[in-house]
Structure formats: structure tokens, C-alpha cells
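Raw contents of target01.csv, CSV, C-alpha atoms:
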chain,number,residue,atom,x,y,z
R,1,MET,CA,93.3,92.8,89.0
R,2,VAL,CA,93.3,89.7,91.2
R,3,GLU,CA,91.6,90.5,94.6
R,4,ASN,CA,93.4,87.8,96.6
R,5,LEU,CA,96.8,89.2,95.8
R,6,ALA,CA,98.4,91.8,97.9
R,7,LEU,CA,100.5,93.1,95.0
R,8,ALA,CA,100.3,92.3,91.3
R,9,LEU,CA,102.8,93.7,88.8
R,10,ASP,CA,102.2,92.8,85.1
R,11,GLY,CA,104.9,93.8,82.6
R,12,VAL,CA,105.9,97.0,84.4
R,13,SER,CA,108.5,99.2,82.7
R,14,ARG,CA,110.0,102.6,83.2
R,15,ARG,CA,111.9,104.5,80.5
R,16,PHE,CA,114.0,107.6,80.9
R,17,GLY,CA,114.4,108.9,77.4
R,18,GLY,CA,116.5,106.2,75.7
R,19,LEU,CA,117.3,104.3,78.9
R,20,LEU,CA,115.0,101.4,79.9
R,21,ALA,CA,115.6,101.4,83.7
R,22,LEU,CA,112.9,98.7,84.3
R,23,ASN,CA,111.9,96.3,81.6
R,24,GLY,CA,108.7,94.3,81.8
R,25,PHE,CA,108.9,93.4,85.5
R,26,SER,CA,106.1,91.1,86.8
R,27,LEU,CA,105.5,89.9,90.3
R,28,GLU,CA,102.6,88.4,92.3
R,29,LEU,CA,102.6,88.4,96.1
R,30,GLU,CA,99.9,86.9,98.4
R,31,PRO,CA,99.0,88.8,101.6
R,32,GLY,CA,101.7,88.1,104.3
R,33,ARG,CA,104.5,87.2,101.8
R,34,ARG,CA,107.9,88.6,102.6
R,35,HIS,CA,109.8,89.1,99.4
R,36,GLY,CA,113.3,90.5,98.6
R,37,ILE,CA,114.5,92.5,95.6
R,38,ILE,CA,118.3,92.2,95.1
R,39,GLY,CA,120.7,93.1,92.3
R,40,PRO,CA,123.9,95.1,91.7
R,41,ASN,CA,123.9,98.9,91.8
R,42,GLY,CA,122.0,100.3,88.8
R,43,ALA,CA,119.9,97.1,88.5
R,44,GLY,CA,116.6,99.1,88.7
R,45,LYS,CA,115.6,98.3,92.3
R,46,THR,CA,115.0,101.8,93.5
R,47,THR,CA,113.2,102.7,90.2
R,48,LEU,CA,110.9,99.8,90.9
R,49,PHE,CA,110.1,101.1,94.4
R,50,LYS,CA,109.4,104.6,93.0
R,51,VAL,CA,107.1,103.2,90.4
R,52,LEU,CA,105.3,101.1,93.1
R,53,SER,CA,104.8,104.0,95.4
R,54,GLY,CA,103.7,106.4,92.6
R,55,GLU,CA,106.7,108.7,92.8
R,56,LEU,CA,107.4,107.7,89.1
R,57,LYS,CA,104.7,106.7,86.6
R,58,ALA,CA,105.1,103.4,84.9
R,59,THR,CA,105.8,103.7,81.2
R,60,ASP,CA,104.1,100.4,80.5
R,61,GLY,CA,102.3,97.7,82.5
R,62,ARG,CA,99.9,97.5,85.3
R,63,ILE,CA,100.2,97.6,89.1
R,64,GLY,CA,97.5,96.2,91.4
R,65,VAL,CA,97.2,96.6,95.2
R,66,PHE,CA,94.6,94.2,96.8
R,67,GLY,CA,92.7,94.0,93.5
R,68,THR,CA,92.7,97.8,92.8
R,69,ASP,CA,94.5,99.0,89.7
R,70,VAL,CA,96.8,101.8,91.1
R,71,THR,CA,98.9,102.3,87.9
R,72,ARG,CA,97.8,105.9,87.4
R,73,LEU,CA,96.9,106.7,91.1
R,74,SER,CA,98.8,109.3,93.1
R,75,PRO,CA,101.2,108.3,96.0
R,76,ARG,CA,98.6,109.6,98.5
R,77,ARG,CA,95.9,107.4,97.0
R,78,ARG,CA,98.2,104.4,97.2
R,79,VAL,CA,98.9,105.1,100.8
R,80,GLY,CA,95.2,105.1,101.4
R,81,LEU,CA,95.0,101.6,100.0
R,82,GLY,CA,97.6,100.4,102.4
R,83,LEU,CA,101.0,100.9,100.7
R,84,GLY,CA,103.8,102.2,102.9
R,85,ARG,CA,107.5,102.6,102.3
R,86,THR,CA,110.8,103.6,103.8
R,87,TYR,CA,113.8,105.2,102.0
R,88,GLN,CA,117.4,104.4,101.4
R,89,VAL,CA,118.3,107.8,102.9
R,90,THR,CA,116.5,108.1,106.3
R,91,ARG,CA,113.6,110.6,106.2
R,92,THR,CA,112.3,111.8,109.6
R,93,PHE,CA,111.4,115.2,111.1
R,94,ARG,CA,114.8,115.8,112.6
R,95,ASN,CA,113.8,118.9,114.7
R,96,LEU,CA,110.9,117.1,116.3
R,97,THR,CA,111.0,114.6,119.2
R,98,VAL,CA,110.5,110.9,118.6
R,99,ARG,CA,107.1,111.3,120.3
R,100,GLU,CA,106.1,114.1,117.9
R,101,ASN,CA,107.4,112.1,114.9
R,102,LEU,CA,105.3,109.1,115.8
R,103,ALA,CA,102.3,111.4,116.6
R,104,LEU,CA,102.3,112.5,113.0
R,105,ALA,CA,101.7,108.9,111.9
R,106,ALA,CA,99.0,108.6,114.5
R,107,PHE,CA,97.2,111.6,113.0
R,108,GLY,CA,96.9,109.8,109.7
R,109,THR,CA,95.1,106.8,111.2
R,110,GLN,CA,93.2,107.9,114.3
R,111,GLY,CA,92.4,111.6,114.2
R,112,PRO,CA,90.1,114.0,112.3
R,113,ARG,CA,91.5,115.7,109.3
R,114,PHE,CA,92.8,118.8,111.1
R,115,TRP,CA,94.8,117.8,114.2
R,116,THR,CA,97.4,119.7,116.2
R,117,LEU,CA,99.9,118.5,118.7
R,118,ARG,CA,97.8,120.0,121.4
R,119,SER,CA,94.7,117.9,120.4
R,120,TRP,CA,97.0,114.8,120.1
R,121,ARG,CA,98.2,115.3,123.7
R,122,ALA,CA,94.6,115.4,124.8
R,123,SER,CA,93.8,112.2,123.1
R,124,ARG,CA,94.5,109.1,125.3
R,125,PRO,CA,94.2,106.6,122.4
R,126,ALA,CA,96.6,108.5,120.2
R,127,ARG,CA,99.1,108.9,123.0
R,128,ALA,CA,98.8,105.2,123.8
R,129,ALA,CA,99.3,104.2,120.2
R,130,THR,CA,102.4,106.4,120.0
R,131,GLU,CA,104.0,104.9,123.1
R,132,GLU,CA,103.2,101.4,122.0
R,133,ASN,CA,104.7,101.9,118.6
R,134,ALA,CA,107.9,103.4,120.2
R,135,ALA,CA,108.2,100.5,122.6
R,136,ARG,CA,107.8,97.9,119.8
R,137,PHE,CA,110.8,99.5,117.9
R,138,GLY,CA,113.1,99.9,120.9
R,139,LEU,CA,112.5,103.7,121.3
R,140,GLY,CA,110.4,103.7,124.5
R,141,ASP,CA,113.2,105.5,126.4
R,142,ARG,CA,113.9,107.9,123.5
R,143,LEU,CA,110.4,109.6,123.3
R,144,GLU,CA,111.6,113.0,124.3
R,145,ARG,CA,114.8,113.0,122.2
R,146,ARG,CA,114.9,115.0,119.0
R,147,ALA,CA,115.3,112.8,116.0
R,148,SER,CA,118.5,114.6,115.2
R,149,GLU,CA,120.0,113.3,118.5
R,150,LEU,CA,119.4,109.6,117.7
R,151,SER,CA,122.1,107.2,116.5
R,152,HIS,CA,122.0,106.1,112.9
R,153,GLY,CA,120.5,102.7,113.9
R,154,GLU,CA,117.9,104.4,116.0
R,155,MET,CA,117.0,106.7,113.1
R,156,ARG,CA,116.4,103.6,111.0
R,157,GLN,CA,114.2,102.1,113.7
R,158,LEU,CA,112.2,105.4,113.9
R,159,GLU,CA,111.7,105.4,110.1
R,160,VAL,CA,110.3,101.9,110.2
R,161,ALA,CA,108.1,102.8,113.2
R,162,LEU,CA,106.8,105.8,111.3
R,163,ALA,CA,105.8,103.6,108.3
R,164,ILE,CA,104.2,101.1,110.6
R,165,GLY,CA,102.3,103.9,112.4
R,166,LEU,CA,100.4,104.5,109.2
R,167,GLU,CA,99.0,100.9,109.5
R,168,PRO,CA,100.1,99.7,106.0
R,169,ARG,CA,99.1,96.4,104.5
R,170,ILE,CA,102.1,96.4,102.2
R,171,LEU,CA,105.5,97.8,103.4
R,172,LEU,CA,108.3,98.6,101.0
R,173,LEU,CA,111.6,98.7,102.8
R,174,ASP,CA,114.5,100.3,100.9
R,175,GLU,CA,117.8,99.1,102.3
R,176,PRO,CA,116.9,99.2,106.0
R,177,GLY,CA,120.4,97.8,106.8
R,178,ALA,CA,122.3,100.6,105.0
R,179,GLY,CA,125.0,102.1,107.2
R,180,LEU,CA,124.3,99.9,110.2
R,181,SER,CA,126.9,98.1,112.2
R,182,PRO,CA,126.9,94.3,112.2
R,183,GLY,CA,125.1,94.3,115.6
R,184,GLU,CA,122.6,96.9,114.5
R,185,ARG,CA,121.8,94.8,111.4
R,186,VAL,CA,121.1,91.8,113.6
R,187,ALA,CA,118.8,94.0,115.7
R,188,MET,CA,117.1,95.3,112.5
R,189,GLY,CA,116.5,91.7,111.3
R,190,GLU,CA,114.9,90.8,114.6
R,191,LEU,CA,112.7,93.9,114.5
R,192,LEU,CA,111.6,93.1,110.9
R,193,ARG,CA,110.9,89.5,111.7
R,194,GLY,CA,108.7,90.6,114.6
R,195,LEU,CA,106.4,92.6,112.4
R,196,PRO,CA,102.8,91.3,112.1
R,197,ARG,CA,102.7,88.2,109.9
R,198,GLU,CA,99.8,89.5,107.9
R,199,LEU,CA,101.8,92.4,106.7
R,200,THR,CA,103.2,92.0,103.2
R,201,ILE,CA,106.9,93.1,103.0
R,202,VAL,CA,109.0,93.9,99.9
R,203,LEU,CA,112.6,94.4,100.9
R,204,ILE,CA,115.5,95.9,98.9
R,205,GLU,CA,118.8,95.0,100.6
R,206,HIS,CA,122.5,94.3,99.7
R,207,ASP,CA,123.2,92.4,102.9
R,208,MET,CA,122.2,88.9,102.0
R,209,ASP,CA,122.4,87.7,105.6
R,210,LEU,CA,119.6,90.2,106.4
R,211,VAL,CA,117.7,89.2,103.3
R,212,ARG,CA,117.7,85.5,104.2
R,213,ASP,CA,116.8,86.4,107.8
R,214,VAL,CA,113.7,88.4,106.8
R,215,VAL,CA,112.2,87.2,103.5
R,216,ASP,CA,110.7,84.0,102.1
R,217,THR,CA,111.4,84.6,98.4
R,218,VAL,CA,113.7,86.7,96.3
R,219,SER,CA,113.7,88.4,92.8
R,220,VAL,CA,117.0,89.3,91.2
R,221,LEU,CA,117.2,92.3,88.9
R,222,HIS,CA,120.0,93.1,86.5
R,223,ASN,CA,119.9,96.0,84.0
R,224,GLY,CA,116.2,96.5,84.7
R,225,GLU,CA,115.2,92.9,84.0
R,226,LEU,CA,114.2,90.0,86.2
R,227,VAL,CA,116.8,87.3,85.8
R,228,ALA,CA,115.9,84.9,88.6
R,229,ASP,CA,113.5,84.3,91.4
R,230,GLY,CA,113.0,81.7,94.1
R,231,PRO,CA,113.4,80.8,97.7
R,232,ALA,CA,115.8,83.1,99.6
R,233,ASN,CA,118.0,80.3,100.8
R,234,GLU,CA,118.5,78.9,97.3
R,235,ILE,CA,118.8,82.0,95.1
R,236,ASN,CA,122.6,82.3,95.5
R,237,ARG,CA,123.0,78.9,93.8
R,238,HIS,CA,121.3,80.1,90.6
R,239,ALA,CA,123.9,80.1,87.8
R,240,ARG,CA,122.9,83.5,86.4
R,241,VAL,CA,122.9,85.1,89.8
R,242,ARG,CA,126.4,83.8,90.4
R,243,GLU,CA,127.5,85.1,87.1
R,244,ILE,CA,126.2,88.6,87.9
R,245,TYR,CA,127.7,88.8,91.4
R,246,LEU,CA,130.9,86.8,91.0
R,247,GLY,CA,131.6,87.2,87.3
R,248,ALA,CA,131.7,83.5,86.7
R,249,ALA,CA,129.2,81.2,85.0
Structure rendered as C-alpha cells:
Amino acid sequence: MVENLALALDGVSRRFGGLLALNGFSLELEPGRRHGIIGPNGAGKTTLFKVLSGELKATDGRIGVFGTDVTRLSPRRRVGLGLGRTYQVTRTFRNLTVRENLALAAFGTQGPRFWTLRSWRASRPARAATEENAARFGLGDRLERRASELSHGEMRQLEVALAIGLEPRILLLDEPGAGLSPGERVAMGELLRGLPRELTIVLIEHDMDLVRDVVDTVSVLHNGELVADGPANEINRHARVREIYLGAA
């Protein structure tokens, strides 16, 4: 594995019985790169993220994270190496407040192994980190609201805030614009552009305006295979990409 690469995939495949959902996908990203994964429904995008995060095991190929071969490591071990992700369907603790949700992320990075909310409230650094994280993602005035009381856009913001609270070095974002209004998508783009530049981002998204707004480069998947890659502002001119999306060569 190459140590100066944040993420290195070499011929990664995933098979479900007779279905090859991901076929020999390779990708190399330097630290700080912001990269998009696009393609029609069923192209293999979410399968790729599940293989990257360890929820699914790769059938073939190798995955490296900052020089460490993580191909057979558990999701927990990958998180420990700096891999974080969000999901297409928002996952938060809906019965807890925004403050308590963000506190759980702070537990993972700042506290001893066995923390409680009581010990978190007594820790000034943990409280400060939680409030700073909330403010960064536009949730500073929502700290005492239950997650279930937030709007859909705010729930998306909270999910990204939770992922960032774990201090990842690579962040996998699975359709952060899904279900958002046009105005909320603009706000999400601004939020993602404002993330630390040293953070490596891999983004799955159908909204090409959001993709071009956030990432530097793009890979296009179709039927589990890489069919094109290149700069985000040029990829839509690729003949094969136009054929896939528009049905015309």
C-alpha cells in the first residue's frame, strides 16, 4: 500500500451470487482530494461505499487507507484509521437532543472508554467541542432540540456534523443532497466546501450542480464498472457518460 495516498483501491470487486455488483474498481486519492462518484441507479455506487466502510467484504482486490491494507479489517478498525461516512437515509439518534447526539461523537475522540452524559457535562473541553461543531453546521440554536424535531435539511446537517465529530481523515458522503430543497442544497454545498481542506472527501450524489460545487474530480460507474473519470467540470462532455445518461452516443 502506498503511504502517501489517502485512499487506494486496486481491482476491487463485489459479487452477490451470480451478480457482479462492482467489477475491478481502482482509484487513488491523495490527502485532501475531493472526489465524486456518479452513475445511474444500480451502477454500484452504494455497494462501493459499503465495501469501503467494511459493511461488505470485497470479493476481490485490495483497499488501502493511508498506507494500511484494510481489505479484511472490520468497520470499527477502519474508523480508527480515520474513515468516516454518512448514509443515504439519515441516521441519527432521533430521541436525543442535538447536543446529546454530538456528545456521542465527542466521546469517541476525547473521552475515556466508558463515558456517560453526566461525565460529558462535567468536561469543559467536550462541551466546547460539541458547541463548536454545532455552530459550524448551523445548529448552534438547535442544541436542545430533539433530532426528531429538526427539519430534513437540519437532520442532514446533523449527520455530517456527527461524522466530522469523529475527526475522520477520509469522509464518505452518500447523497447528502437527497430530499433537500434547492435552497437547502445550496446551503449543503457551502457547508461541504467549508470543511477542512486537508480532509479527503468521496461524494456520491445525483445532483450534478452539487457535485461540481464540491469536488475536484469524478468517477462514473455503470453496471459496476468504471467507464470514465476526470475533472468534475468536464466529465459531462465525455461521450460514454452522455450515452449512459442521455441515451445518445
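Shortest separation to Gly39 of chain R among R:Glu234, R:Glu205, R:Glu149, R:Asp60 occurs at residue R:Glu205, atoms counted being only C-alpha atoms.
Using only C-alpha atoms, the smallest distance between any of R:Arg169, R:Arg185, R:Lys50, R:Arg193 and Asp209 of chain R comes from R:Arg185.
With all atoms listed in the file as the basis for measurement, R:Val12 is the residue among R:Leu139, R:Val211, R:Val12, R:Leu180 that approaches Phe25 of chain R most closely.
Considering the residues R:His222, R:Arg99, R:Arg72, R:His152 and counting only C-alpha atoms, Leu22 of chain R has its shortest atom-to-atom contact with R:His222.
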Next item on the list: Rank R:Thr217, R:Thr97, R:Asn23, R:Asn133 by their smallest atom-to-atom distance to Thr47 of chain R, using only C-alpha atoms, and report the top residue only.
Entry: R:Asn23
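Between atom CA of Leu9 of chain R and atom CA of Leu210 of chain R there is a distance of 24.6 Å.
When all atoms listed in the file are used to compute distances to Leu7 of chain R, the closest of the residues R:Arg62, R:Arg94, R:Lys45, R:Arg127 turns out to be R:Arg62.
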Identify, on the basis of all atoms listed in the file, every residue whose closest approach to Ala163 of chain R does not exceed 9 Å; exclude the query and any residue fewer than 4 positions from it along the same chain; express the result as a compact mmCIF listing (two decimals) with C-alpha atoms, in the coordinates of the input.
# COMPACT_ATOMS: atom_id res chain seq x y z
CA GLY R 84 103.80 102.20 102.90
CA ARG R 85 107.50 102.60 102.30
CA THR R 86 110.80 103.60 103.80
CA ALA R 105 101.70 108.90 111.90
CA LEU R 158 112.20 105.40 113.90
CA GLU R 159 111.70 105.40 110.10
CA GLU R 167 99.00 100.90 109.50
CA PRO R 168 100.10 99.70 106.00
CA LEU R 171 105.50 97.80 103.40
Notebook entry, point to check: How many Å separate atom CA of Leu19 of chain R from atom CA of Thr46 of chain R?
Noted result: 15.0 Å
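Going from atom CA of Val214 of chain R to atom CA of Thr200 of chain R covers 11.7 Å.
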Check: Within 12 Å of Leu226 of chain R, counting only C-alpha atoms, which residues qualify if same-chain residues fewer than 4 places away don't, as a ChimeraX atom specification?
Finding: /R:11-13,21-27,37-39,43-45,48,218-222,230,240-241
Next item on the list: With a distance cut-off of 12 Å and all atoms listed in the file, select the neighbouring residues of Val79 of chain R, excluding the residue or stretch itself and same-chain residues fewer than 3 positions from it, and output the selection as a PyMOL selection string.
Entry: chain R and resi 52-55+65+70+73-76+82-85+108-109+163-164+166-172
Margin query: Here's a test: counting all atoms listed in the file, identify every protein, DNA and RNA residue with an atom at most 10 Å from (94.5, 84.6, 93.6) in the file's coordinate frame, and state them as a ChimeraX atom specification.
Written below: /R:1-6,8,28-30,67
Will you model N, CA and C atoms for segment 63-95 of chain R and pass it back as a tab-separated table (two decimals), in the frame of the given file?
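Written out: selection_28.tsv:
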chain	number	residue	atom	x	y	z
R	63	ILE	N	99.84	97.87	87.73
R	63	ILE	CA	100.20	97.60	89.10
R	63	ILE	C	98.86	97.47	89.90
R	64	GLY	N	98.69	96.37	90.61
R	64	GLY	CA	97.50	96.20	91.40
R	64	GLY	C	97.84	96.03	92.88
R	65	VAL	N	97.03	96.66	93.74
R	65	VAL	CA	97.20	96.60	95.20
R	65	VAL	C	95.84	96.07	95.75
R	66	PHE	N	95.84	94.84	96.23
R	66	PHE	CA	94.60	94.20	96.80
R	66	PHE	C	93.44	94.36	95.82
R	67	GLY	N	93.71	94.07	94.55
R	67	GLY	CA	92.70	94.00	93.50
R	67	GLY	C	92.32	95.36	92.90
R	68	THR	N	92.93	96.46	93.36
R	68	THR	CA	92.70	97.80	92.80
R	68	THR	C	93.84	98.16	91.85
R	69	ASP	N	93.52	98.57	90.63
R	69	ASP	CA	94.50	99.00	89.70
R	69	ASP	C	95.00	100.42	90.12
R	70	VAL	N	96.26	100.51	90.58
R	70	VAL	CA	96.80	101.80	91.10
R	70	VAL	C	97.78	102.40	90.09
R	71	THR	N	97.87	101.87	88.88
R	71	THR	CA	98.90	102.30	87.90
R	71	THR	C	98.97	103.78	87.73
R	72	ARG	N	97.80	104.42	87.70
R	72	ARG	CA	97.80	105.90	87.40
R	72	ARG	C	97.37	106.67	88.69
R	73	LEU	N	97.32	106.02	89.85
R	73	LEU	CA	96.90	106.70	91.10
R	73	LEU	C	98.10	107.47	91.68
R	74	SER	N	97.80	108.52	92.43
R	74	SER	CA	98.80	109.30	93.10
R	74	SER	C	99.42	108.55	94.28
R	75	PRO	N	100.60	108.96	94.77
R	75	PRO	CA	101.20	108.30	96.00
R	75	PRO	C	100.20	108.36	97.15
R	76	ARG	N	99.51	109.48	97.33
R	76	ARG	CA	98.60	109.60	98.50
R	76	ARG	C	97.46	108.58	98.37
R	77	ARG	N	96.92	108.36	97.17
R	77	ARG	CA	95.90	107.40	97.00
R	77	ARG	C	96.38	105.97	97.30
R	78	ARG	N	97.61	105.70	96.93
R	78	ARG	CA	98.20	104.40	97.20
R	78	ARG	C	98.39	104.15	98.68
R	79	VAL	N	98.82	105.19	99.39
R	79	VAL	CA	98.90	105.10	100.80
R	79	VAL	C	97.58	104.75	101.45
R	80	GLY	N	96.53	105.39	100.93
R	80	GLY	CA	95.20	105.10	101.40
R	80	GLY	C	94.73	103.70	101.23
R	81	LEU	N	95.31	103.03	100.24
R	81	LEU	CA	95.00	101.60	100.00
R	81	LEU	C	95.86	100.67	100.78
R	82	GLY	N	96.81	101.24	101.55
R	82	GLY	CA	97.60	100.40	102.40
R	82	GLY	C	99.05	100.21	102.04
R	83	LEU	N	99.58	101.07	101.15
R	83	LEU	CA	101.00	100.90	100.70
R	83	LEU	C	101.84	101.92	101.48
R	84	GLY	N	102.83	101.40	102.20
R	84	GLY	CA	103.80	102.20	102.90
R	84	GLY	C	105.19	101.94	102.48
R	85	ARG	N	106.12	102.88	102.73
R	85	ARG	CA	107.50	102.60	102.30
R	85	ARG	C	108.48	103.40	103.22
R	86	THR	N	109.72	102.90	103.27
R	86	THR	CA	110.80	103.60	103.80
R	86	THR	C	111.81	103.94	102.70
R	87	TYR	N	112.85	104.72	103.01
R	87	TYR	CA	113.80	105.20	102.00
R	87	TYR	C	115.21	104.81	102.29
R	88	GLN	N	116.03	104.75	101.24
R	88	GLN	CA	117.40	104.40	101.40
R	88	GLN	C	118.13	105.46	102.27
R	89	VAL	N	117.78	106.73	102.09
R	89	VAL	CA	118.30	107.80	102.90
R	89	VAL	C	117.15	108.11	103.95
R	90	THR	N	117.47	108.00	105.23
R	90	THR	CA	116.50	108.10	106.30
R	90	THR	C	115.73	109.45	106.20
R	91	ARG	N	114.40	109.39	106.28
R	91	ARG	CA	113.60	110.60	106.20
R	91	ARG	C	112.72	110.67	107.49
R	92	THR	N	113.11	111.54	108.40
R	92	THR	CA	112.30	111.80	109.60
R	92	THR	C	112.28	113.32	109.78
R	93	PHE	N	111.46	113.78	110.73
R	93	PHE	CA	111.40	115.20	111.10
R	93	PHE	C	112.45	115.43	112.16
R	94	ARG	N	113.64	115.84	111.74
R	94	ARG	CA	114.80	115.80	112.60
R	94	ARG	C	114.69	116.81	113.78
R	95	ASN	N	113.92	117.89	113.62
R	95	ASN	CA	113.80	118.90	114.70
R	95	ASN	C	112.68	118.57	115.67
